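One file, query-v8.cif, carrying mmCIF, C-alpha atoms:
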data_run
#
loop_
_atom_site.label_atom_id
_atom_site.label_comp_id
_atom_site.auth_asym_id
_atom_site.auth_seq_id
_atom_site.Cartn_x
_atom_site.Cartn_y
_atom_site.Cartn_z
CA MET A 1 0.00 0.00 0.00
CA PRO A 2 1.34 3.48 -0.85
CA LYS A 3 2.85 5.39 2.06
CA GLY A 4 3.08 8.74 0.29
CA LEU A 5 0.48 11.03 -1.28
CA TYR A 6 1.63 13.74 -3.70
CA ILE A 7 -0.88 16.40 -4.80
CA HIS A 8 -0.07 18.88 -7.56
CA ILE A 9 -1.35 22.46 -7.61
CA PRO A 10 -0.24 23.88 -10.99
CA PHE A 11 -1.11 27.55 -10.53
CA CYS A 12 1.56 30.26 -10.38
CA ASP A 13 1.36 34.05 -10.17
CA HIS A 14 4.18 34.14 -12.73
CA ILE A 15 6.13 31.63 -14.81
CA CYS A 16 9.83 31.17 -14.04
CA THR A 17 12.15 30.99 -17.03
CA TYR A 18 13.63 27.60 -16.09
CA CYS A 19 10.54 25.69 -14.93
CA ASP A 20 9.35 22.63 -16.84
CA PHE A 21 6.83 21.40 -14.25
CA PRO A 22 3.12 21.42 -15.20
CA LYS A 23 2.10 24.98 -14.39
CA LEU A 24 -0.38 27.69 -15.41
CA LEU A 25 -0.69 31.38 -14.68
CA THR A 26 -3.17 31.76 -11.83
CA LYS A 27 -5.19 34.53 -13.43
CA GLY A 28 -8.18 33.38 -15.46
CA GLN A 29 -7.89 29.68 -14.65
CA ARG A 30 -10.57 27.20 -13.57
CA HIS A 31 -9.43 27.03 -9.94
CA GLU A 32 -12.62 25.72 -8.37
CA ALA A 33 -13.15 23.17 -11.13
CA TYR A 34 -9.56 21.99 -10.76
CA ILE A 35 -9.88 21.49 -6.99
CA GLU A 36 -13.15 19.61 -7.54
CA SER A 37 -11.35 17.38 -10.05
CA LEU A 38 -8.49 16.76 -7.62
CA ILE A 39 -11.06 15.54 -5.11
CA ARG A 40 -12.66 13.29 -7.73
CA GLU A 41 -9.29 11.74 -8.50
CA LEU A 42 -8.59 11.27 -4.80
CA GLN A 43 -12.01 9.66 -4.33
CA HIS A 44 -11.16 7.10 -7.01
CA TYR A 45 -7.97 6.04 -5.26
CA GLU A 46 -9.68 6.13 -1.88
CA LYS A 47 -12.19 3.59 -3.19
CA GLU A 48 -9.89 1.41 -5.31
CA VAL A 49 -6.69 1.41 -3.21
CA GLY A 50 -7.33 3.17 0.07
CA PHE A 51 -5.33 5.68 2.12
CA ASP A 52 -4.96 3.53 5.23
CA GLU A 53 -1.16 3.29 4.93
CA VAL A 54 -0.49 6.92 3.97
CA GLN A 55 2.12 8.42 6.30
CA THR A 56 3.11 11.55 4.38
CA ILE A 57 1.43 14.13 2.18
CA TYR A 58 3.31 16.53 -0.08
CA ILE A 59 1.43 19.34 -1.84
CA GLY A 60 3.62 20.80 -4.57
CA GLY A 61 3.38 22.79 -7.74
CA GLY A 62 3.27 25.20 -9.26
CA THR A 63 2.64 27.28 -6.21
CA PRO A 64 0.02 25.93 -3.80
CA THR A 65 0.04 29.20 -1.87
CA ALA A 66 -0.92 31.10 -5.04
CA LEU A 67 -4.48 29.98 -4.25
CA SER A 68 -6.58 31.57 -1.52
CA ILE A 69 -7.71 29.79 1.62
CA GLU A 70 -11.23 29.70 0.20
CA GLN A 71 -9.96 27.96 -2.93
CA LEU A 72 -7.82 25.46 -1.01
CA SER A 73 -10.27 24.64 1.78
CA PRO A 74 -12.40 22.05 -0.13
CA LEU A 75 -9.27 20.00 -0.72
CA PHE A 76 -8.19 20.16 2.92
CA ASP A 77 -11.73 19.42 4.07
CA TYR A 78 -11.75 16.26 1.97
CA LEU A 79 -8.31 15.16 3.17
CA ALA A 80 -9.42 15.57 6.78
CA GLN A 81 -12.37 13.26 6.10
CA VAL A 82 -10.32 10.37 4.69
CA ILE A 83 -6.92 10.67 6.43
CA HIS A 84 -6.05 11.26 10.09
CA LEU A 85 -3.99 14.37 9.34
CA ASP A 86 -2.90 14.74 12.95
CA GLN A 87 -1.31 11.28 12.79
CA LEU A 88 0.80 11.88 9.67
CA VAL A 89 4.55 11.70 10.22
CA GLU A 90 5.02 14.57 7.76
CA PHE A 91 2.76 16.97 5.85
CA SER A 92 4.74 19.18 3.46
CA LEU A 93 3.65 22.12 1.37
CA GLU A 94 5.58 24.20 -1.16
CA ALA A 95 5.31 27.99 -1.00
CA ASN A 96 6.78 31.05 -2.62
CA PRO A 97 8.14 33.57 -0.10
CA GLU A 98 6.17 36.49 -1.51
CA ASN A 99 2.68 34.98 -1.12
CA LEU A 100 3.04 33.24 2.23
CA THR A 101 0.81 35.42 4.40
CA GLU A 102 0.16 35.16 8.12
CA GLU A 103 -3.47 34.21 7.44
CA LYS A 104 -2.40 31.35 5.16
CA VAL A 105 0.19 30.12 7.64
CA ARG A 106 -2.37 30.03 10.44
CA TYR A 107 -4.81 28.13 8.23
CA LEU A 108 -2.24 25.62 6.96
CA ILE A 109 -1.00 24.90 10.48
CA SER A 110 -4.62 24.34 11.55
CA GLN A 111 -4.78 21.70 8.80
CA HIS A 112 -1.70 19.96 10.27
CA VAL A 113 0.83 21.05 7.63
CA SER A 114 4.10 20.47 9.48
CA ARG A 115 6.80 21.19 6.90
CA PHE A 116 7.19 24.13 4.51
CA SER A 117 9.45 24.21 1.45
CA LEU A 118 10.25 27.70 0.18
CA GLY A 119 11.32 28.36 -3.40
CA VAL A 120 14.28 30.67 -2.80
CA GLN A 121 16.67 29.63 -5.63
CA THR A 122 19.07 32.54 -5.00
CA PHE A 123 19.42 35.66 -2.84
CA ASP A 124 21.02 37.63 -5.67
CA GLU A 125 18.48 40.09 -7.10
CA THR A 126 20.04 40.14 -10.57
CA LEU A 127 20.03 36.35 -10.80
CA LEU A 128 16.46 36.25 -9.50
CA LYS A 129 15.47 38.32 -12.53
CA THR A 130 17.42 36.00 -14.83
CA ILE A 131 15.35 33.01 -13.75
CA GLY A 132 12.08 34.94 -13.57
CA ARG A 133 11.52 34.95 -9.82
CA LYS A 134 9.40 37.79 -8.43
CA HIS A 135 10.40 37.75 -4.78
CA CYS A 136 13.29 39.64 -3.21
CA PRO A 137 15.68 38.44 -0.47
CA GLN A 138 13.68 40.34 2.16
CA ASP A 139 10.62 38.23 1.30
CA VAL A 140 12.55 35.09 2.21
CA HIS A 141 13.64 36.51 5.57
CA ARG A 142 10.05 37.61 6.29
CA ALA A 143 8.58 34.20 5.34
CA VAL A 144 11.07 32.23 7.44
CA SER A 145 10.56 34.53 10.44
CA LEU A 146 6.79 34.21 10.04
CA LEU A 147 6.93 30.41 10.06
CA GLN A 148 9.33 30.34 12.99
CA SER A 149 7.09 32.71 14.96
CA TYR A 150 4.36 30.06 14.71
CA GLY A 151 6.66 27.34 15.97
CA ILE A 152 7.42 25.77 12.58
CA THR A 153 10.99 24.47 12.67
CA ASN A 154 10.85 22.04 9.75
CA ILE A 155 11.56 24.51 6.95
CA ASN A 156 13.33 23.77 3.67
CA LEU A 157 14.94 26.32 1.38
CA ASP A 158 15.39 25.40 -2.27
CA LEU A 159 18.56 26.81 -3.84
CA ILE A 160 19.74 26.63 -7.45
CA TYR A 161 23.37 26.95 -8.56
CA SER A 162 25.05 27.13 -11.99
CA ILE A 163 22.62 29.84 -13.08
CA PRO A 164 24.01 31.59 -16.21
CA THR A 165 26.57 34.28 -15.23
CA GLN A 166 26.56 33.08 -11.60
CA THR A 167 29.98 33.10 -9.95
CA LEU A 168 31.45 30.89 -7.25
CA GLU A 169 31.35 33.85 -4.88
CA GLN A 170 27.63 34.36 -5.52
CA VAL A 171 27.01 30.71 -4.67
CA ARG A 172 29.00 31.17 -1.47
CA ARG A 173 26.88 34.18 -0.47
CA ASP A 174 23.65 32.28 -1.24
CA VAL A 175 24.63 29.38 0.99
CA GLU A 176 25.83 31.71 3.76
CA GLU A 177 22.54 33.58 3.76
CA ALA A 178 20.50 30.38 3.75
CA ILE A 179 22.49 29.06 6.70
CA SER A 180 22.06 32.35 8.58
CA LEU A 181 18.28 31.85 8.61
CA GLY A 182 18.64 28.80 10.84
CA VAL A 183 16.43 26.49 8.79
CA GLU A 184 16.37 22.73 9.28
CA HIS A 185 16.78 21.69 5.65
CA ILE A 186 18.42 23.02 2.48
CA SER A 187 18.08 21.57 -1.03
CA ALA A 188 20.61 22.65 -3.64
CA TYR A 189 20.10 21.76 -7.28
CA SER A 190 22.18 22.42 -10.35
CA LEU A 191 20.19 24.33 -12.94
CA ILE A 192 19.00 22.11 -15.78
CA VAL A 193 17.90 23.98 -18.88
CA GLU A 194 14.83 22.06 -20.03
CA GLU A 195 13.42 22.21 -23.55
CA HIS A 196 10.45 24.50 -24.21
CA THR A 197 11.35 26.84 -21.34
CA PRO A 198 12.18 30.54 -21.90
CA LEU A 199 15.71 29.89 -20.66
CA TYR A 200 16.17 27.13 -23.26
CA LEU A 201 14.86 29.34 -26.05
CA ALA A 202 17.29 32.10 -25.03
CA TYR A 203 20.12 29.56 -25.05
CA MET A 204 19.15 28.32 -28.52
CA LYS A 205 19.22 31.93 -29.75
CA ASP A 206 22.72 32.40 -28.28
CA GLN A 207 21.36 34.95 -25.83
CA LEU A 208 22.93 33.29 -22.80
CA THR A 209 25.89 31.06 -21.98
CA LEU A 210 25.52 28.07 -19.71
CA THR A 211 27.88 27.40 -16.83
CA ASP A 212 30.70 25.07 -17.88
CA ASN A 213 31.01 21.65 -16.25
CA GLU A 214 34.18 22.44 -14.32
CA LEU A 215 32.71 25.53 -12.65
CA GLU A 216 29.47 23.67 -11.93
CA ALA A 217 31.46 20.93 -10.18
CA GLN A 218 33.30 23.56 -8.12
CA MET A 219 29.96 25.09 -7.12
CA TYR A 220 28.60 21.71 -6.03
CA GLN A 221 31.69 20.97 -3.97
CA LEU A 222 31.49 24.40 -2.35
CA VAL A 223 27.83 23.79 -1.42
CA MET A 224 28.68 20.41 0.09
CA ASP A 225 31.66 21.74 2.05
CA MET A 226 29.85 24.77 3.47
CA LEU A 227 26.74 22.90 4.53
CA GLU A 228 28.71 20.05 6.09
CA LYS A 229 30.81 22.51 8.11
CA ASN A 230 27.62 24.11 9.40
CA GLY A 231 25.98 20.95 10.67
CA TYR A 232 23.95 19.88 7.68
CA HIS A 233 24.15 16.18 6.82
CA GLN A 234 24.05 15.37 3.12
CA TYR A 235 21.61 12.47 3.09
CA GLU A 236 20.92 12.63 -0.67
CA ILE A 237 22.73 14.05 -3.69
CA SER A 238 20.96 17.42 -3.50
CA ASN A 239 19.50 17.42 0.01
CA PHE A 240 21.00 18.46 3.34
CA SER A 241 19.41 18.35 6.79
CA LYS A 242 20.38 19.05 10.39
CA ALA A 243 18.10 16.45 11.94
CA ALA A 244 14.93 16.01 9.87
CA PRO A 245 15.46 14.74 6.31
CA SER A 246 12.36 14.78 4.11
CA ILE A 247 10.46 11.58 4.85
CA HIS A 248 8.14 11.91 1.87
CA ASN A 249 10.91 12.39 -0.69
CA GLN A 250 12.73 9.36 0.67
CA TRP A 251 9.81 7.19 -0.48
CA TYR A 252 10.89 8.04 -4.04
CA TRP A 253 14.55 7.20 -3.50
CA ARG A 254 13.72 4.02 -1.58
CA ASN A 255 11.50 2.95 -4.49
CA GLU A 256 8.37 2.82 -2.33
CA THR A 257 4.92 3.17 -3.86
CA TYR A 258 3.05 6.49 -3.73
CA PHE A 259 -0.03 8.22 -5.10
CA GLY A 260 0.46 10.99 -7.66
CA ILE A 261 -2.62 13.23 -7.89
CA GLY A 262 -3.18 16.24 -10.12
CA LEU A 263 -2.09 17.78 -13.38
CA GLY A 264 0.97 16.04 -14.83
CA ALA A 265 1.52 14.08 -11.61
CA HIS A 266 3.44 10.80 -11.57
CA GLY A 267 2.54 7.88 -9.31
CA TYR A 268 3.74 4.35 -8.56
CA ILE A 269 1.22 1.76 -7.38
CA ASP A 270 1.38 -2.06 -7.48
CA GLY A 271 4.45 -2.09 -9.72
CA ILE A 272 2.89 0.33 -12.22
CA ARG A 273 4.25 3.79 -12.89
CA TYR A 274 1.73 6.24 -14.33
CA GLN A 275 1.52 9.84 -15.48
CA ASN A 276 -1.45 12.20 -15.70
CA THR A 277 -2.24 14.56 -18.55
CA ARG A 278 -0.63 18.02 -18.52
CA SER A 279 -3.73 19.64 -20.10
CA ILE A 280 -5.95 21.23 -17.46
CA ASN A 281 -9.04 21.11 -19.66
CA THR A 282 -8.50 17.41 -20.39
CA TYR A 283 -7.81 16.76 -16.72
CA ILE A 284 -11.04 18.40 -15.59
CA ASP A 285 -13.20 16.99 -18.39
CA VAL A 286 -12.00 13.40 -18.01
CA LEU A 287 -12.59 13.36 -14.25
CA THR A 288 -15.97 15.05 -14.66
CA ASN A 289 -16.90 12.09 -16.88
CA GLY A 290 -15.86 9.61 -14.18
CA LYS A 291 -12.56 8.53 -15.72
CA LEU A 292 -8.93 8.86 -14.67
CA PRO A 293 -6.63 11.42 -16.35
CA VAL A 294 -3.81 8.90 -16.82
CA ILE A 295 -2.16 9.25 -20.23
CA GLU A 296 0.65 6.74 -19.73
CA SER A 297 1.12 3.72 -17.49
CA HIS A 298 3.78 1.05 -17.47
CA ALA A 299 4.11 -2.18 -15.51
CA LEU A 300 7.79 -2.43 -14.61
CA THR A 301 9.67 -5.54 -15.64
CA MET A 302 11.97 -7.27 -13.17
CA GLU A 303 14.96 -5.68 -14.88
CA GLU A 304 13.45 -2.21 -14.57
CA ARG A 305 12.62 -2.72 -10.89
CA LEU A 306 16.20 -3.74 -10.15
CA GLU A 307 17.56 -0.80 -12.13
CA GLU A 308 15.40 1.63 -10.19
CA GLU A 309 16.38 0.11 -6.85
CA MET A 310 20.01 0.75 -7.74
CA PHE A 311 20.05 4.21 -9.28
CA LEU A 312 17.40 5.64 -6.97
CA GLY A 313 18.93 4.11 -3.84
CA LEU A 314 22.41 5.27 -4.75
CA ARG A 315 21.17 8.86 -4.59
CA LEU A 316 21.05 8.42 -0.81
CA SER A 317 24.28 8.81 1.13
CA GLU A 318 23.63 5.48 2.86
CA GLY A 319 23.57 3.79 -0.56
CA VAL A 320 21.92 0.43 -1.19
CA ASP A 321 22.09 -2.91 0.59
CA LEU A 322 22.62 -5.55 -2.09
CA ALA A 323 21.47 -8.34 0.20
CA VAL A 324 18.18 -6.60 0.96
CA ILE A 325 17.48 -6.03 -2.74
CA SER A 326 18.35 -9.65 -3.55
CA ASP A 327 15.90 -10.89 -0.91
CA LYS A 328 13.20 -8.44 -2.01
CA TYR A 329 13.19 -9.61 -5.63
CA GLY A 330 14.62 -13.11 -5.41
CA GLN A 331 17.48 -12.08 -7.69
CA ASN A 332 21.20 -12.23 -6.96
CA VAL A 333 22.13 -8.61 -7.62
CA GLU A 334 25.68 -9.30 -6.45
CA VAL A 335 26.13 -11.45 -9.55
CA LEU A 336 24.10 -9.23 -11.89
CA TYR A 337 26.15 -6.13 -11.07
CA GLN A 338 29.48 -7.65 -10.05
CA VAL A 339 31.44 -6.29 -13.03
CA ALA A 340 29.89 -2.81 -12.84
CA ILE A 341 30.40 -2.55 -9.08
CA ASN A 342 34.03 -3.66 -9.24
CA GLN A 343 34.81 -1.23 -12.06
CA LEU A 344 33.17 1.68 -10.26
CA ILE A 345 35.05 0.88 -7.03
CA GLU A 346 38.33 0.81 -8.99
CA LYS A 347 37.53 4.22 -10.47
CA GLY A 348 36.88 5.60 -7.00
CA TYR A 349 33.17 6.32 -7.65
CA LEU A 350 31.78 3.69 -5.27
CA MET A 351 32.77 2.42 -1.86
CA ARG A 352 31.67 -0.82 -0.27
CA GLU A 353 31.13 -2.03 3.27
CA ASP A 354 29.90 -5.62 3.55
CA HIS A 355 26.79 -5.83 1.33
CA ARG A 356 26.26 -2.05 1.12
CA ILE A 357 27.57 0.16 -1.67
CA SER A 358 27.40 3.97 -1.81
CA LEU A 359 28.77 6.88 -3.78
CA THR A 360 32.12 8.40 -2.87
CA ARG A 361 32.71 12.15 -3.00
CA GLN A 362 34.04 11.70 -6.53
CA GLY A 363 31.06 9.51 -7.33
CA LEU A 364 28.70 12.30 -6.34
CA LEU A 365 30.29 14.47 -9.01
CA MET A 366 29.89 11.68 -11.60
CA ALA A 367 26.52 10.37 -10.40
CA ASN A 368 24.78 10.17 -13.79
CA ASP A 369 27.68 8.21 -15.26
CA VAL A 370 27.55 5.85 -12.28
CA PHE A 371 23.79 5.30 -12.61
CA GLU A 372 24.14 4.36 -16.29
CA GLN A 373 26.26 1.37 -15.29
CA PHE A 374 23.28 -0.17 -13.51
CA LEU A 375 20.99 -0.30 -16.53
CA LEU A 376 20.34 -3.91 -17.47
CA SER A 377 17.98 -3.27 -20.38
CA ILE A 378 20.32 -1.46 -22.77
#
Please render this file's structure as structure tokens.
Amino acid sequence: MPKGLYIHIPFCDHICTYCDFPKLLTKGQRHEAYIESLIRELQHYEKEVGFDEVQTIYIGGGTPTALSIEQLSPLFDYLAQVIHLDQLVEFSLEANPENLTEEKVRYLISQHVSRFSLGVQTFDETLLKTIGRKHCPQDVHRAVSLLQSYGITNINLDLIYSIPTQTLEQVRRDVEEAISLGVEHISAYSLIVEEHTPLYLAYMKDQLTLTDNELEAQMYQLVMDMLEKNGYHQYEISNFSKAAPSIHNQWYWRNETYFGIGLGAHGYIDGIRYQNTRSINTYIDVLTNGKLPVIESHALTMEERLEEEMFLGLRLSEGVDLAVISDKYGQNVEVLYQVAINQLIEKGYLMREDHRISLTRQGLLMANDVFEQFLLSI
């Protein structure tokens, strides 16, 4: 039974230049109809699968806090009817610093939201404009102080590095400022320029230059060094925590099943990975007609399950236990991956202790190359 429930709110007050997630400008959209459709989709899974084992909820986007309390309340009312929200081990919600008001914080806390993830990306005002963010550094300080004043300690700040024109010194200042806010958790991601985004179009027109690989690696190492020295444990490639790593996100990396609800959402139930439509009109219309908005589903083969166990699990600093995976699937992964593991250890990308393998510091820098070595189906 799925332990995690992800719900996607696609609405944003503005569109960032780098974002490839399913999103729509808030103005002029069918907000009420979308929330009603979310509830219809949830009702289907409540009936067919059940939420009895759900331990975590993560509401992401988009920008969930772009909607008003009145717009969000039907969703929270439904969740309270079918899940004991006060018994969840974690209830996360994404927010932009500029639209996290005191009224919304009070309401969300009353609905048992226990963890907030703020989209900061950078504290540099010029770089914020480059990536299309509308907040300023003062908004971040205000939002964090607001949450802390209500006793919320489990706060994550999302940072992005290798933004075009960004320097190593700018990355240093971003990390320093994030640390100074005293938050529990920091996520730091290298900017990926996705197709069909404004940033990609500018790149294709030679209007911007991407950060070279060597500088990007230096930025990543700087982030790791600074956070480690300030008491943040790197428990996953891009995630650092003082004492409370994201429980919900670990379901993904531990290859656990989870519900994916909403526009463009992905889910994994009973060995089947599925994806919803990215068209809001299709999403609403299909659910109104009593059907699911799934546009693609795939039952994983044994090879694919083993591959995912390896390259998802290796994202975690603790790595993967080969004996546990062998028992789980009745396959001898020691034999299947013996050559790849030995070669990666020789290169200095993997280290091994008994049956457990994990990435070295050098392996973290070469993670995608490492993961490719665990593909059985190519």
Task: Distance criterion (only C-alpha atoms): nearest to Val49 (chain A) out of A:Gln148, A:Pro2, A:Arg254, A:Leu375 - done: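 Under the stated criterion, the closest residue is A:Pro2.
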Task: Given only C-alpha atoms as the counted atoms, nearest of A:Ile325, A:Met366, A:Val294, A:Leu287 to Glu307 (chain A) - done: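 The answer is A:Ile325, which sits nearest to Glu307 (chain A).
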- [ ] Excluding Gln166 (chain A) and any residue of its chain fewer than 6 positions from it, enumerate the residues within 12 Å of it, using only C-alpha atoms, and give them as an MDAnalysis selection string.
- [x] chainID A and resid 122:128 130:131 160 172:174 190:191 208:212 215:216 219
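A straight line drawn from CA of Asn230 (chain A) to CA of Asn96 (chain A) is 25.0 Å long.
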- [ ] Translate the PyMOL selection byres ((chain A and resi 32) around 12), as applied to the file shown, into an explicit residue set as a ChimeraX atom specification.
- [x] /A:9,11,26,28-31,33-39,67-75,284
